[in-house]
file data.txt (compact mmCIF, N, CA and C atoms)
# COMPACT_ATOMS: atom_id res chain seq x y z
N SER H 1 -52.15 159.56 62.95
CA SER H 1 -51.52 159.16 61.70
C SER H 1 -51.89 160.15 60.61
N GLY H 2 -51.09 160.19 59.58
CA GLY H 2 -51.33 161.08 58.46
C GLY H 2 -51.19 160.33 57.15
N GLN H 3 -51.85 160.86 56.15
CA GLN H 3 -51.77 160.23 54.83
C GLN H 3 -50.46 160.54 54.15
N VAL H 4 -49.97 159.56 53.39
CA VAL H 4 -48.77 159.76 52.59
C VAL H 4 -49.07 160.73 51.46
N GLY H 5 -50.22 160.59 50.85
CA GLY H 5 -50.62 161.45 49.74
C GLY H 5 -51.25 160.63 48.64
N GLY H 6 -51.38 161.20 47.50
CA GLY H 6 -51.99 160.53 46.36
C GLY H 6 -51.00 159.63 45.65
N GLY H 7 -51.16 159.53 44.38
CA GLY H 7 -50.24 158.71 43.60
C GLY H 7 -50.49 157.24 43.79
N SER H 8 -49.43 156.47 43.98
CA SER H 8 -49.57 155.02 44.06
C SER H 8 -50.00 154.51 45.43
N SER H 9 -50.02 155.37 46.46
CA SER H 9 -50.40 154.94 47.82
C SER H 9 -51.41 155.88 48.46
N PRO H 10 -52.57 156.10 47.83
CA PRO H 10 -53.50 157.10 48.36
C PRO H 10 -54.09 156.75 49.73
N ALA H 11 -54.12 155.47 50.10
CA ALA H 11 -54.73 155.08 51.38
C ALA H 11 -53.68 154.78 52.45
N ARG H 12 -52.42 154.87 52.14
CA ARG H 12 -51.36 154.54 53.10
C ARG H 12 -51.27 155.60 54.19
N GLN H 13 -51.13 155.15 55.43
CA GLN H 13 -51.03 156.03 56.59
C GLN H 13 -49.64 155.88 57.22
N LEU H 14 -49.11 156.98 57.75
CA LEU H 14 -47.85 156.96 58.50
C LEU H 14 -48.13 157.46 59.91
N ASP H 15 -47.48 156.84 60.90
CA ASP H 15 -47.59 157.33 62.26
C ASP H 15 -46.97 158.71 62.35
N SER H 16 -47.56 159.56 63.17
CA SER H 16 -47.07 160.92 63.29
C SER H 16 -47.57 161.53 64.59
N TRP H 17 -47.04 162.68 64.93
CA TRP H 17 -47.52 163.49 66.05
C TRP H 17 -48.14 164.75 65.47
N GLY H 18 -49.13 165.26 66.16
CA GLY H 18 -49.76 166.47 65.67
C GLY H 18 -50.27 167.33 66.82
N ILE H 19 -50.71 168.50 66.45
CA ILE H 19 -51.33 169.44 67.38
C ILE H 19 -52.76 169.64 66.91
N ALA H 20 -53.72 169.47 67.82
CA ALA H 20 -55.13 169.68 67.49
C ALA H 20 -55.54 171.06 67.98
N LEU H 21 -56.06 171.88 67.08
CA LEU H 21 -56.48 173.24 67.42
C LEU H 21 -58.00 173.37 67.31
N GLN H 22 -58.56 174.13 68.23
CA GLN H 22 -59.96 174.50 68.15
C GLN H 22 -60.04 176.01 68.30
N PRO H 23 -60.87 176.68 67.50
CA PRO H 23 -60.96 178.13 67.58
C PRO H 23 -61.59 178.59 68.89
N GLN H 24 -61.25 179.79 69.29
CA GLN H 24 -61.83 180.39 70.50
C GLN H 24 -62.66 181.60 70.12
N ASN H 25 -63.38 182.11 71.09
CA ASN H 25 -64.15 183.35 70.96
C ASN H 25 -65.18 183.28 69.84
N GLY H 26 -65.78 182.10 69.62
CA GLY H 26 -66.84 181.98 68.63
C GLY H 26 -66.39 181.93 67.19
N ALA H 27 -65.09 181.93 66.94
CA ALA H 27 -64.60 181.85 65.56
C ALA H 27 -64.90 180.47 65.00
N SER H 28 -65.03 180.39 63.69
CA SER H 28 -65.31 179.10 63.06
C SER H 28 -64.00 178.36 62.79
N LEU H 29 -64.11 177.06 62.75
CA LEU H 29 -62.95 176.22 62.43
C LEU H 29 -62.43 176.55 61.04
N GLU H 30 -63.34 176.78 60.11
CA GLU H 30 -62.94 177.10 58.74
C GLU H 30 -62.19 178.43 58.66
N SER H 31 -62.59 179.42 59.46
CA SER H 31 -61.88 180.71 59.42
C SER H 31 -60.49 180.59 60.02
N LEU H 32 -60.32 179.77 61.07
CA LEU H 32 -58.99 179.52 61.63
C LEU H 32 -58.11 178.83 60.59
N HIS H 33 -58.66 177.82 59.95
CA HIS H 33 -57.94 177.08 58.91
C HIS H 33 -57.49 178.03 57.79
N GLU H 34 -58.40 178.85 57.33
CA GLU H 34 -58.10 179.79 56.23
C GLU H 34 -57.07 180.83 56.65
N SER H 35 -57.18 181.38 57.85
CA SER H 35 -56.23 182.41 58.26
C SER H 35 -54.81 181.85 58.42
N LEU H 36 -54.69 180.62 58.89
CA LEU H 36 -53.36 180.01 58.98
C LEU H 36 -52.78 179.74 57.59
N ARG H 37 -53.62 179.29 56.68
CA ARG H 37 -53.14 179.01 55.31
C ARG H 37 -52.69 180.28 54.60
N ARG H 38 -53.33 181.42 54.92
CA ARG H 38 -52.99 182.68 54.27
C ARG H 38 -51.88 183.44 54.98
N GLY H 39 -51.39 182.90 56.09
CA GLY H 39 -50.35 183.56 56.87
C GLY H 39 -49.00 183.53 56.18
N ARG H 40 -48.05 184.22 56.80
CA ARG H 40 -46.68 184.22 56.30
C ARG H 40 -45.76 183.80 57.43
N PRO H 41 -45.27 182.61 57.40
CA PRO H 41 -45.43 181.59 56.36
C PRO H 41 -46.79 180.91 56.48
N PRO H 42 -47.27 180.35 55.39
CA PRO H 42 -48.53 179.62 55.44
C PRO H 42 -48.39 178.35 56.29
N VAL H 43 -49.43 178.05 57.05
CA VAL H 43 -49.47 176.83 57.86
C VAL H 43 -50.66 176.03 57.37
N VAL H 44 -50.38 174.83 56.88
CA VAL H 44 -51.43 174.00 56.29
C VAL H 44 -51.72 172.83 57.22
N GLY H 45 -52.98 172.67 57.56
CA GLY H 45 -53.41 171.56 58.40
C GLY H 45 -54.55 170.82 57.72
N ARG H 46 -55.18 169.94 58.47
CA ARG H 46 -56.35 169.22 57.94
C ARG H 46 -57.46 169.27 58.96
N LEU H 47 -58.69 169.35 58.47
CA LEU H 47 -59.85 169.36 59.33
C LEU H 47 -60.26 167.92 59.59
N GLU H 48 -60.41 167.58 60.88
CA GLU H 48 -60.74 166.21 61.26
C GLU H 48 -61.47 166.21 62.60
N LYS H 49 -62.68 165.64 62.62
CA LYS H 49 -63.46 165.49 63.85
C LYS H 49 -63.62 166.80 64.62
N GLY H 50 -63.92 167.88 63.91
CA GLY H 50 -64.16 169.16 64.55
C GLY H 50 -62.93 169.86 65.07
N ARG H 51 -61.76 169.46 64.57
CA ARG H 51 -60.51 170.10 65.00
C ARG H 51 -59.64 170.35 63.78
N LEU H 52 -58.72 171.28 63.92
CA LEU H 52 -57.71 171.52 62.89
C LEU H 52 -56.44 170.84 63.36
N ILE H 53 -55.95 169.88 62.58
CA ILE H 53 -54.78 169.10 62.95
C ILE H 53 -53.57 169.62 62.18
N LEU H 54 -52.51 169.97 62.91
CA LEU H 54 -51.24 170.32 62.30
C LEU H 54 -50.32 169.12 62.48
N ASP H 55 -49.96 168.48 61.38
CA ASP H 55 -49.14 167.28 61.40
C ASP H 55 -47.67 167.69 61.53
N LEU H 56 -47.06 167.35 62.64
CA LEU H 56 -45.69 167.79 62.90
C LEU H 56 -44.65 167.01 62.10
N ARG H 57 -45.08 165.96 61.42
CA ARG H 57 -44.17 165.24 60.52
C ARG H 57 -43.68 166.17 59.41
N ALA H 58 -44.47 167.20 59.11
CA ALA H 58 -44.14 168.13 58.03
C ALA H 58 -43.43 169.38 58.51
N VAL H 59 -43.06 169.43 59.80
CA VAL H 59 -42.40 170.62 60.36
C VAL H 59 -40.98 170.24 60.78
N PHE H 60 -40.00 170.93 60.23
CA PHE H 60 -38.61 170.70 60.58
C PHE H 60 -38.29 171.36 61.92
N PRO H 61 -37.36 170.82 62.72
CA PRO H 61 -37.05 171.40 64.02
C PRO H 61 -36.71 172.89 63.97
N GLU H 62 -36.02 173.31 62.92
CA GLU H 62 -35.67 174.74 62.84
C GLU H 62 -36.87 175.63 62.55
N GLN H 63 -38.04 175.04 62.27
CA GLN H 63 -39.26 175.79 62.02
C GLN H 63 -40.15 175.90 63.26
N ASP H 64 -39.78 175.22 64.35
CA ASP H 64 -40.61 175.21 65.57
C ASP H 64 -40.92 176.61 66.08
N ALA H 65 -39.91 177.44 66.21
CA ALA H 65 -40.10 178.80 66.76
C ALA H 65 -41.04 179.61 65.90
N THR H 66 -40.90 179.50 64.59
CA THR H 66 -41.78 180.24 63.67
C THR H 66 -43.22 179.75 63.81
N LEU H 67 -43.41 178.46 63.92
CA LEU H 67 -44.76 177.90 64.07
C LEU H 67 -45.40 178.37 65.37
N LEU H 68 -44.62 178.40 66.45
CA LEU H 68 -45.15 178.86 67.74
C LEU H 68 -45.56 180.34 67.69
N GLU H 69 -44.82 181.11 66.94
CA GLU H 69 -45.11 182.54 66.79
C GLU H 69 -46.48 182.73 66.19

call {"tool": "encode", "arguments": {"input": "data.txt", "output": "structure tokens"}}
result
Amino acid sequence: SGQVGGGSSPARQLDSWGIALQPQNGASLESLHESLRRGRPPVVGRLEKGRLILDLRAVFPEQDATLLE
């Protein structure tokens, strides 16, 4: 599940699908998170339980190929 956001429903959760990423080759989770955010296009995820979660609720079908790249 993912958060709706702030405002009037800061604790509301929505069901969603996501991809959980873990860095390889000794890289830190924070460095993976930062490099994806600084990419073109930027990819924004959330850190949760030692993983970087990309919430697919925020990805349109026409963006799938770009995200995979």

call {"tool": "atom_distance", "arguments": {"input": "data.txt", "atom1": "atom CA of Trp17 of chain H", "atom2": "atom CA of Arg57 of chain H"}}
result
6.7 Å

call {"tool": "closest_residue", "arguments": {"input": "data.txt", "among": "H:Leu68, H:Leu21, H:Ala11, H:Leu36", "to": "Arg51 of chain H", "atoms": "only C-alpha atoms"}}
result
H:Leu21

call {"tool": "residues_around", "arguments": {"input": "data.txt", "residues": "Thr66 of chain H", "least_positions_apart": "4", "cutoff": "12 Å", "atoms": "only C-alpha atoms", "output": "JSON, numbers by chain"}}
result
{"H": [39, 40, 41, 42, 43, 59, 60, 61, 62]}

call {"tool": "atom_distance", "arguments": {"input": "data.txt", "atom1": "atom CA of Glu48 of chain H", "atom2": "atom CA of Gln22 of chain H"}}
result
10.8 Å

call {"tool": "closest_residue", "arguments": {"input": "data.txt", "among": "H:Arg12, H:Asn25, H:His33, H:Gln63", "to": "Gly45 of chain H", "atoms": "all atoms listed in the file"}}
result
H:His33

call {"tool": "axis_aligned_box", "arguments": {"input": "data.txt", "around": "segment 28-43 of chain H", "padding_each_side": "3 Å", "output": "lines of an AutoDock Vina configuration file"}}
result
center_x = -55.3
center_y = 180.1
center_z = 59.0
size_x = 26.0
size_y = 14.2
size_z = 15.4
